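Asker: Handing you this structure, nothing more for now.
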Amino acid sequence: MTLEVTARCPGCDASLPFDASDPPSAIRCGKCNRGIPVRVSDALRQDTAVDRCPVCDGGDFYVRKDFDPRTGLAFVVAGAVISAIFYFFDKDLIAYGVLAGAVLIDLLIYRRLNDVTVCYRCHAEFRGGYPRTAGPFDLHTADVLEPEWQRKIGKR
Ligand SMILES: [Zn+2]
Ligand SMILES: [Zn+2]
């Protein structure tokens, strides 16, 4: 498994994914044409740990679920529609069964989702097979570290 980094453009906030096993020395934002130098650590290259952010050089990260809410919602909506059809034909039990099944599938998908590591400063995301060592999101840490990066890129 290789580690994929999704950098955030400091200029326009666009998502810029690149492969950490064979990283470029700089990436260019396709939207605003800003050049962003990247320095990928050995641990990132080998997908063993997220130790240093290649974009902002920061070493503070948090872990969150890599969840796309739209996928989950689609399942529940589909389940509700199917169960409404059974309900209409007086098959209450089947209707409830289908609805419960949709919710269950939703839960299974959520549990199978990987955690993604996120950089506090520049919001770069790290997806790979490395062990997650960072803690959950801490608002106080973000309040301290985010402005530091924004000053650095001239947003404040
Ligand atoms: Zn940009
Ligand atoms: Zn960063």
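Chain identifiers are assigned as A, B, and so on, following the order in which chains appear in the structure tokens; residues are numbered from 1 within each chain, and ligands are numbered from 1 in order of appearance.
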List all protein, DNA and RNA residues that have an atom no more than 10 Å from any atom of ligand 1, counting only C-alpha atoms and all ligand atoms, and report them as JSON, numbers by chain.

Answerer: {"A": [8, 9, 10, 11, 12, 13, 14, 15, 16, 28, 29, 30, 31, 32, 33, 34, 35, 36]}

Asker: Given a cut-off of 6 Å, what residues near ligand 2 show up using only C-alpha atoms and all ligand atoms, put as a list of chain:residue names?

Answerer: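 Counting only what the definition allows, namely only C-alpha atoms and all ligand atoms, the set is A:Cys53, A:Val55, A:Cys56, A:Gly58, A:Cys119, A:Arg121, A:Cys122, A:His123, A:Ala124.
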
Asker: Save the residues we just selected, all heavy atoms, as a PDB file, in the first residue's frame?

Answerer:
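Output (part_27.pdb):
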```pdb
ATOM      1  N   CYS A  53       4.745  16.908   8.033  1.00  0.00           N
ATOM      2  CA  CYS A  53       3.879  17.304   6.914  1.00  0.00           C
ATOM      3  C   CYS A  53       4.734  17.808   5.756  1.00  0.00           C
ATOM      4  O   CYS A  53       5.554  18.705   5.942  1.00  0.00           O
ATOM      5  CB  CYS A  53       2.902  18.375   7.365  1.00  0.00           C
ATOM      6  SG  CYS A  53       1.875  18.987   6.016  1.00  0.00           S
ATOM      7  N   VAL A  55       3.924  19.557   3.294  1.00  0.00           N
ATOM      8  CA  VAL A  55       3.520  20.859   2.771  1.00  0.00           C
ATOM      9  C   VAL A  55       3.969  21.998   3.694  1.00  0.00           C
ATOM     10  O   VAL A  55       4.626  22.941   3.264  1.00  0.00           O
ATOM     11  CB  VAL A  55       1.985  20.919   2.564  1.00  0.00           C
ATOM     12  CG1 VAL A  55       1.569  22.263   1.990  1.00  0.00           C
ATOM     13  CG2 VAL A  55       1.527  19.780   1.668  1.00  0.00           C
ATOM     14  N   CYS A  56       3.650  21.890   5.004  1.00  0.00           N
ATOM     15  CA  CYS A  56       3.928  23.006   5.915  1.00  0.00           C
ATOM     16  C   CYS A  56       5.057  22.691   6.888  1.00  0.00           C
ATOM     17  O   CYS A  56       5.416  23.532   7.705  1.00  0.00           O
ATOM     18  CB  CYS A  56       2.669  23.382   6.683  1.00  0.00           C
ATOM     19  SG  CYS A  56       2.180  22.153   7.907  1.00  0.00           S
ATOM     20  N   GLY A  58       4.998  20.910   9.426  1.00  0.00           N
ATOM     21  CA  GLY A  58       4.498  20.756  10.794  1.00  0.00           C
ATOM     22  C   GLY A  58       4.505  19.303  11.234  1.00  0.00           C
ATOM     23  O   GLY A  58       4.541  18.391  10.407  1.00  0.00           O
ATOM     24  N   CYS A 119      -3.354  17.178   8.875  1.00  0.00           N
ATOM     25  CA  CYS A 119      -2.408  18.134   9.439  1.00  0.00           C
ATOM     26  C   CYS A 119      -3.169  19.309  10.038  1.00  0.00           C
ATOM     27  O   CYS A 119      -4.021  19.901   9.391  1.00  0.00           O
ATOM     28  CB  CYS A 119      -1.463  18.611   8.335  1.00  0.00           C
ATOM     29  SG  CYS A 119      -0.413  19.981   8.848  1.00  0.00           S
ATOM     30  N   ARG A 121      -2.115  22.283  10.754  1.00  0.00           N
ATOM     31  CA  ARG A 121      -1.792  23.602  10.199  1.00  0.00           C
ATOM     32  C   ARG A 121      -2.383  23.826   8.808  1.00  0.00           C
ATOM     33  O   ARG A 121      -3.122  24.763   8.586  1.00  0.00           O
ATOM     34  CB  ARG A 121      -0.274  23.777  10.137  1.00  0.00           C
ATOM     35  CG  ARG A 121       0.365  23.958  11.505  1.00  0.00           C
ATOM     36  CD  ARG A 121       1.875  24.081  11.391  1.00  0.00           C
ATOM     37  NE  ARG A 121       2.494  24.326  12.687  1.00  0.00           N
ATOM     38  CZ  ARG A 121       2.804  23.372  13.569  1.00  0.00           C
ATOM     39  NH1 ARG A 121       2.549  22.118  13.275  1.00  0.00           N
ATOM     40  NH2 ARG A 121       3.350  23.663  14.730  1.00  0.00           N
ATOM     41  N   CYS A 122      -2.039  22.923   7.865  1.00  0.00           N
ATOM     42  CA  CYS A 122      -2.403  23.218   6.477  1.00  0.00           C
ATOM     43  C   CYS A 122      -3.517  22.307   5.963  1.00  0.00           C
ATOM     44  O   CYS A 122      -3.902  22.413   4.810  1.00  0.00           O
ATOM     45  CB  CYS A 122      -1.173  23.088   5.578  1.00  0.00           C
ATOM     46  SG  CYS A 122      -0.638  21.386   5.352  1.00  0.00           S
ATOM     47  N   HIS A 123      -4.023  21.394   6.819  1.00  0.00           N
ATOM     48  CA  HIS A 123      -5.149  20.518   6.481  1.00  0.00           C
ATOM     49  C   HIS A 123      -4.831  19.509   5.381  1.00  0.00           C
ATOM     50  O   HIS A 123      -5.742  19.027   4.708  1.00  0.00           O
ATOM     51  CB  HIS A 123      -6.393  21.323   6.085  1.00  0.00           C
ATOM     52  CG  HIS A 123      -6.865  22.260   7.160  1.00  0.00           C
ATOM     53  ND1 HIS A 123      -7.639  23.357   6.921  1.00  0.00           N
ATOM     54  CD2 HIS A 123      -6.634  22.256   8.493  1.00  0.00           C
ATOM     55  CE1 HIS A 123      -7.885  23.997   8.050  1.00  0.00           C
ATOM     56  NE2 HIS A 123      -7.285  23.346   9.024  1.00  0.00           N
ATOM     57  N   ALA A 124      -3.549  19.186   5.191  1.00  0.00           N
ATOM     58  CA  ALA A 124      -3.202  18.107   4.271  1.00  0.00           C
ATOM     59  C   ALA A 124      -3.703  16.787   4.872  1.00  0.00           C
ATOM     60  O   ALA A 124      -3.704  16.612   6.085  1.00  0.00           O
ATOM     61  CB  ALA A 124      -1.696  18.051   4.070  1.00  0.00           C
TER      62      ALA A 124
END
```

Asker: How many Å separate CA of Asp66 (chain A) from CA of Gly135 (chain A)?

Answerer: 14.7 Å

Asker: Give me every alpha helix (DSSP H) residue in region 10-137 of chain A, going by DSSP on the backbone, as a PDB file with C-alpha atoms, in the first residue's frame.

Answerer:
```pdb
ATOM      1  CA  ASP A  42      11.275   8.789   4.584  1.00  0.00           C
ATOM      2  CA  ALA A  43       8.509   7.481   6.851  1.00  0.00           C
ATOM      3  CA  LEU A  44       5.868   8.948   4.527  1.00  0.00           C
ATOM      4  CA  ARG A  45       7.650   7.582   1.472  1.00  0.00           C
ATOM      5  CA  PRO A  69     -21.758  11.356   4.220  1.00  0.00           C
ATOM      6  CA  ARG A  70     -23.358  11.170   0.752  1.00  0.00           C
ATOM      7  CA  THR A  71     -22.633   7.421   0.432  1.00  0.00           C
ATOM      8  CA  GLY A  72     -24.314   6.648   3.744  1.00  0.00           C
ATOM      9  CA  LEU A  73     -27.323   8.808   2.982  1.00  0.00           C
ATOM     10  CA  ALA A  74     -27.860   7.155  -0.407  1.00  0.00           C
ATOM     11  CA  PHE A  75     -28.156   3.745   1.304  1.00  0.00           C
ATOM     12  CA  VAL A  76     -30.670   4.931   3.882  1.00  0.00           C
ATOM     13  CA  VAL A  77     -32.758   6.698   1.228  1.00  0.00           C
ATOM     14  CA  ALA A  78     -32.729   3.610  -1.018  1.00  0.00           C
ATOM     15  CA  GLY A  79     -33.728   1.460   1.978  1.00  0.00           C
ATOM     16  CA  ALA A  80     -36.557   3.819   2.894  1.00  0.00           C
ATOM     17  CA  VAL A  81     -37.932   3.806  -0.670  1.00  0.00           C
ATOM     18  CA  ILE A  82     -37.866  -0.002  -0.938  1.00  0.00           C
ATOM     19  CA  SER A  83     -39.424  -0.390   2.482  1.00  0.00           C
ATOM     20  CA  ALA A  84     -42.183   2.112   1.567  1.00  0.00           C
ATOM     21  CA  ILE A  85     -43.083  -0.067  -1.428  1.00  0.00           C
ATOM     22  CA  PHE A  86     -43.455  -3.155   0.782  1.00  0.00           C
ATOM     23  CA  TYR A  87     -45.399  -1.089   3.298  1.00  0.00           C
ATOM     24  CA  PHE A  88     -47.802   0.003   0.567  1.00  0.00           C
ATOM     25  CA  ASP A  92     -45.083  -4.418   7.172  1.00  0.00           C
ATOM     26  CA  LEU A  93     -42.594  -6.941   8.436  1.00  0.00           C
ATOM     27  CA  ILE A  94     -40.635  -7.016   5.191  1.00  0.00           C
ATOM     28  CA  ALA A  95     -40.763  -3.207   5.117  1.00  0.00           C
ATOM     29  CA  TYR A  96     -39.199  -2.935   8.566  1.00  0.00           C
ATOM     30  CA  GLY A  97     -36.699  -5.631   7.676  1.00  0.00           C
ATOM     31  CA  VAL A  98     -35.495  -3.760   4.606  1.00  0.00           C
ATOM     32  CA  LEU A  99     -35.181  -0.527   6.559  1.00  0.00           C
ATOM     33  CA  ALA A 100     -33.224  -2.220   9.334  1.00  0.00           C
ATOM     34  CA  GLY A 101     -31.021  -3.870   6.707  1.00  0.00           C
ATOM     35  CA  ALA A 102     -30.216  -0.524   5.099  1.00  0.00           C
ATOM     36  CA  VAL A 103     -29.240   0.962   8.451  1.00  0.00           C
ATOM     37  CA  LEU A 104     -27.118  -2.109   9.206  1.00  0.00           C
ATOM     38  CA  ILE A 105     -25.293  -1.909   5.871  1.00  0.00           C
ATOM     39  CA  ASP A 106     -24.702   1.759   6.571  1.00  0.00           C
ATOM     40  CA  LEU A 107     -23.128   0.949   9.936  1.00  0.00           C
ATOM     41  CA  LEU A 108     -20.951  -1.766   8.402  1.00  0.00           C
ATOM     42  CA  ILE A 109     -19.652   0.634   5.771  1.00  0.00           C
ATOM     43  CA  TYR A 110     -18.934   3.232   8.419  1.00  0.00           C
ATOM     44  CA  ARG A 111     -17.006   0.743  10.553  1.00  0.00           C
ATOM     45  CA  ARG A 112     -14.964  -0.465   7.593  1.00  0.00           C
TER      46      ARG A 112
END
```

Asker: Using only C-alpha atoms, pick whichever of A:Gln150, A:Thr141, A:Thr48, A:Thr117 has the shortest atom-to-atom distance to Val5 (chain A).

Answerer: A:Thr117

Asker: So that I can see what lies close to Val118 (chain A), please list as a PyMOL selection string the residues with an atom at most 9 Å from it, counting only C-alpha atoms and leaving out residues fewer than 4 positions away in the same chain.

Answerer: chain A and resi 60-64+122-126+134+137

Asker: Go ahead and write the selection's residues with C-alpha atoms as a PDB file, in the first residue's frame.

Answerer:
```
ATOM      1  CA  ASP A  60       1.027  17.999  14.629  1.00  0.00           C
ATOM      2  CA  PHE A  61      -1.784  15.829  13.328  1.00  0.00           C
ATOM      3  CA  TYR A  62      -5.211  14.506  14.247  1.00  0.00           C
ATOM      4  CA  VAL A  63      -7.145  11.438  13.111  1.00  0.00           C
ATOM      5  CA  ARG A  64     -10.715  11.432  11.834  1.00  0.00           C
ATOM      6  CA  CYS A 122      -2.403  23.218   6.477  1.00  0.00           C
ATOM      7  CA  HIS A 123      -5.149  20.518   6.481  1.00  0.00           C
ATOM      8  CA  ALA A 124      -3.202  18.107   4.271  1.00  0.00           C
ATOM      9  CA  GLU A 125      -4.690  14.574   4.465  1.00  0.00           C
ATOM     10  CA  PHE A 126      -2.750  11.291   4.617  1.00  0.00           C
ATOM     11  CA  ALA A 134      -2.317  10.891  16.226  1.00  0.00           C
ATOM     12  CA  PHE A 137      -9.252  16.562  16.725  1.00  0.00           C
TER      13      PHE A 137
END
```

Asker: Among region 34-102 of chain A, which residues does DSSP mark as strand (DSSP E or B) when it is run on the backbone? Keep the chain and numbering as in the structure and answer as JSON, numbers by chain.

Answerer: {"A": [35, 36, 37, 61, 62, 63, 64, 65]}

Asker: Between A:Asp22, A:Asp90, A:Asp115, A:Asp143, single out the one closest to Arg39 (chain A), counting only C-alpha atoms.

Answerer: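 Counting only C-alpha atoms, the residue closest to Arg39 (chain A) is A:Asp22.
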
Asker: For Asn114 (chain A), which of A:Arg52, A:Ala20, A:Phe89, A:Lys65 is the closest residue, counting only C-alpha atoms?

Answerer: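 The closest residue to Asn114 (chain A) is A:Lys65.
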
Asker: Separation of CA of Gly154 (chain A) and CA of Asp19 (chain A), in Å?

Answerer: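 Computing it gives 27.0 Å between the two atoms.
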
Asker: Quick one: residues within 9 Å of Pro131 (chain A), only C-alpha atoms, excluding same-chain residues fewer than 5 positions away - as a list of chain:residue names?

Answerer: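 Close residues of Pro131 (chain A): A:Asp47, A:Thr48, A:Ala49, A:Val50.
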
Asker: Taking N, CA, C and O atoms for each residue, export the selection above as an mmCIF file, in the first residue's frame.

Answerer:
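Result went into out_20.cif, see below:
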```cif
data_model
loop_
_atom_site.group_PDB
_atom_site.id
_atom_site.type_symbol
_atom_site.label_atom_id
_atom_site.label_comp_id
_atom_site.auth_asym_id
_atom_site.auth_seq_id
_atom_site.Cartn_x
_atom_site.Cartn_y
_atom_site.Cartn_z
ATOM 1 N N ASP A 47 5.416 4.662 3.852
ATOM 2 C CA ASP A 47 4.105 4.411 4.427
ATOM 3 C C ASP A 47 4.197 3.753 5.809
ATOM 4 O O ASP A 47 3.439 2.840 6.127
ATOM 5 N N THR A 48 5.171 4.183 6.626
ATOM 6 C CA THR A 48 5.315 3.600 7.959
ATOM 7 C C THR A 48 4.768 4.529 9.044
ATOM 8 O O THR A 48 4.354 4.066 10.105
ATOM 9 N N ALA A 49 4.787 5.828 8.805
ATOM 10 C CA ALA A 49 4.250 6.783 9.781
ATOM 11 C C ALA A 49 4.046 8.141 9.135
ATOM 12 O O ALA A 49 4.665 8.446 8.116
ATOM 13 N N VAL A 50 3.148 8.931 9.761
ATOM 14 C CA VAL A 50 3.016 10.327 9.356
ATOM 15 C C VAL A 50 3.739 11.136 10.419
ATOM 16 O O VAL A 50 3.239 11.311 11.530
#
```
